[in-house]
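Everything on this sheet refers to the single structure shown next.
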Amino acid sequence: MSNGPVVILTALNLEYQAVRQKLVSPHAHLHERGTRFEVGTVQGTSCRVALGLTSKGNHSAAVIAERAIQEFSPAAVLFVGVAGALWDATRLGDVVVASHVYAYHGGTSEDDGLKARPRVWEAPHRISQLASHLARLDDWADSASGHEHAPQVRFGAIAAGEIVQNSRVSAEATWIRQHYNDALAIEMEAAGVAQAGHLNGAPVAIIRGISDRADGTKNSTDDRSWQPQAAANAAAFAIRLAVELAGEQEETVVPRDDRAPSADRLDRHVSNTAHNSTVGIMASSVTGSSVHMYTAAEESGPLNLCAALHGFRENLTRHRAEGDLDQDTYREALADLESAIRSAGEQTSDSSKRAAMTLRRLRGLVVECPALMAELAPLIAAAGDRA
């Protein structure tokens, strides 16, 4: 898991403020292309959150999500806000966490009608499991609520399109119900964020508070009453999820077995090198030694970054062959690695900075492979030292 902050994105200022008020001392962070984020800490915790505003629509949400991932190498990206319910069983004020996201406007128009050709992104298993656990604990909702019933967390599909859906009887509403009848909610940004996360290897969660029923009542008095509460409920659950993700991140960065090393572990260290990889050996006792197999002993000194990156490429290919990475992730990771190798070879301060940034982006792609994550950490540090 990346050691960056949790990124939370919203489409509307109302949603943005619902999250921001839960952060302590948020400060501005300006992307080089002008996108403005605010970075703060969740009150009473060490959880850092980078908050950004995307504006409406899948396209703008995808662009800002991409920038946030590149800028922060986040532990996760949470898209938070309001949505319309597609079925009456989901109550106003409830929170829907996407099990998967439909980009429902994909299709082909034929003589006998519009045939659905959706793209679908599933929520990462780790985040789905954690969100379900938090929903069972049921300790996330703000105690002060202006409505009678406590909000519930529901898990299911979310449909993301390119238009505001405000009817249950229009031709498009009927078509959506026919082809996506398992979708609980409908909105306009989740598909863009999900695709940005997929292409960059960043885990994404979509969290929506239900503010209307997509039935012609948008902008009504009832909708204006529920929208702030729905945004607040979504923000409350998202913050609870972010805190837990940050806690898991700390557990990953400092494994339990390494927190209190024994004297024996400190005194006895074995360094094994075989073709630029770590190997295990069998011995009754090895003390204060370096073991070299089929290679000349290396002098202790600065890491040869280019050589190490070429070694990492071999391991990346091996993990792909073993099924640890899917083909799309491997292709994106390999492209980033080649870019980093080129930058490292130029040996200038600017190229070293580019190499470090590219490696941090690569880290986000291989986050589900602990062996590659561990191997990348010293490479990123080495590139940073050269910058």
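Labels used: A, B, ... for chains in the order of the structure tokens, numbers from 1 for residues in each chain, and numbers from 1 for ligands as shown.
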
task = Identify, on the basis of only C-alpha atoms, every residue whose closest approach to Gln17 of chain A does not exceed 10 Å; exclude the query and any residue fewer than 6 positions from it along the same chain; express the result as a list in words.
result =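 Listing them by chain and then by number gives Thr10, Leu51, Pro228, Ala231, Ala232 and Ala235 of chain A.
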
Write out as CSV a residue-level contact list of segment 17-125 of chain A versus segment 154-172 of chain A with cut-off 8 Å: for each qualifying residue the closest pair of atoms and the distance in Å to one decimal, counting only C-alpha atoms, rows sorted by chain and residue number upward.
residue,atom,partner,partner_atom,distance
A:Gly57,CA,A:Glu162,CA,6.4
A:Asn58,CA,A:Glu162,CA,6.9
A:Thr90,CA,A:Arg154,CA,8.0
A:Asp94,CA,A:Arg154,CA,7.4
A:Val95,CA,A:Arg154,CA,6.1
A:Val96,CA,A:Arg154,CA,4.8
A:Val97,CA,A:Phe155,CA,5.0
A:Ala98,CA,A:Ala157,CA,5.3
A:Ser99,CA,A:Gly156,CA,4.9
A:His100,CA,A:Ala157,CA,4.9
A:Val101,CA,A:Ile158,CA,5.0
A:Tyr102,CA,A:Ala159,CA,4.7
A:Ala103,CA,A:Ala160,CA,5.2
A:Tyr104,CA,A:Gly161,CA,5.8
A:His105,CA,A:Gly161,CA,5.7

request  = Might you pull out every residue within 12 Å of Gly107 of chain A, with only C-alpha atoms counted and same-chain residues fewer than 6 positions away left off, and present them as a list in words?
outcome  = Gly113, Leu114, Lys115, Ala116, Arg117, Pro118, Arg119, Gly161, Trp175, Ile176 and His179 of chain A

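You can rank A:Leu241, A:Ala382, A:Ala173, A:Ala307 by their closest distance to Ser132 of chain A using only C-alpha atoms, and at the top of that list sits A:Leu241.
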
message = Just checking: using only C-alpha atoms, which residue out of A:Glu38, A:Asp182, A:Glu189, A:Asp88 ends up closest to Ala61 of chain A?
response =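 Closest to Ala61 of chain A of all the choices is A:Glu189.
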
request  = Choose the residue, out of A:Gly84, A:Pro203, A:Gly247, A:Gly40, that has the smallest atom-to-atom separation from Ser128 of chain A; count only C-alpha atoms.
outcome  =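 Nearest to Ser128 of chain A: A:Pro203.
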
request  = Have a look at atom CA of Ile206 of chain A and atom CA of Ala28 of chain A and let me know their distance in Å, one decimal.
outcome  =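 It comes out at 24.0 Å.
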
Taking only residues of segment 117-212 of chain A that have an atom at most 9 Å from an atom of segment 319-330 of chain A, what is each one's shortest atom pair and its distance in Å to one decimal, using only C-alpha atoms, in chain and number order, as JSON lines?
{"residue": "A:His198", "atom": "CA", "partner": "A:Thr329", "partner_atom": "CA", "distance": 8.1}
{"residue": "A:Leu199", "atom": "CA", "partner": "A:Thr329", "partner_atom": "CA", "distance": 7.2}
{"residue": "A:Asn200", "atom": "CA", "partner": "A:Thr329", "partner_atom": "CA", "distance": 7.9}
{"residue": "A:Gly201", "atom": "CA", "partner": "A:Thr329", "partner_atom": "CA", "distance": 6.8}

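Interatomic distance, atom CA of Val19 of chain A against atom CA of Ala150 of chain A: 19.2 Å.
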
Residue among A:Leu334, A:Ile341, A:Leu86, A:Leu379 lying closest to Val366 of chain A, counting only C-alpha atoms =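 Selected residue with least distance to Val366 of chain A: A:Leu334.
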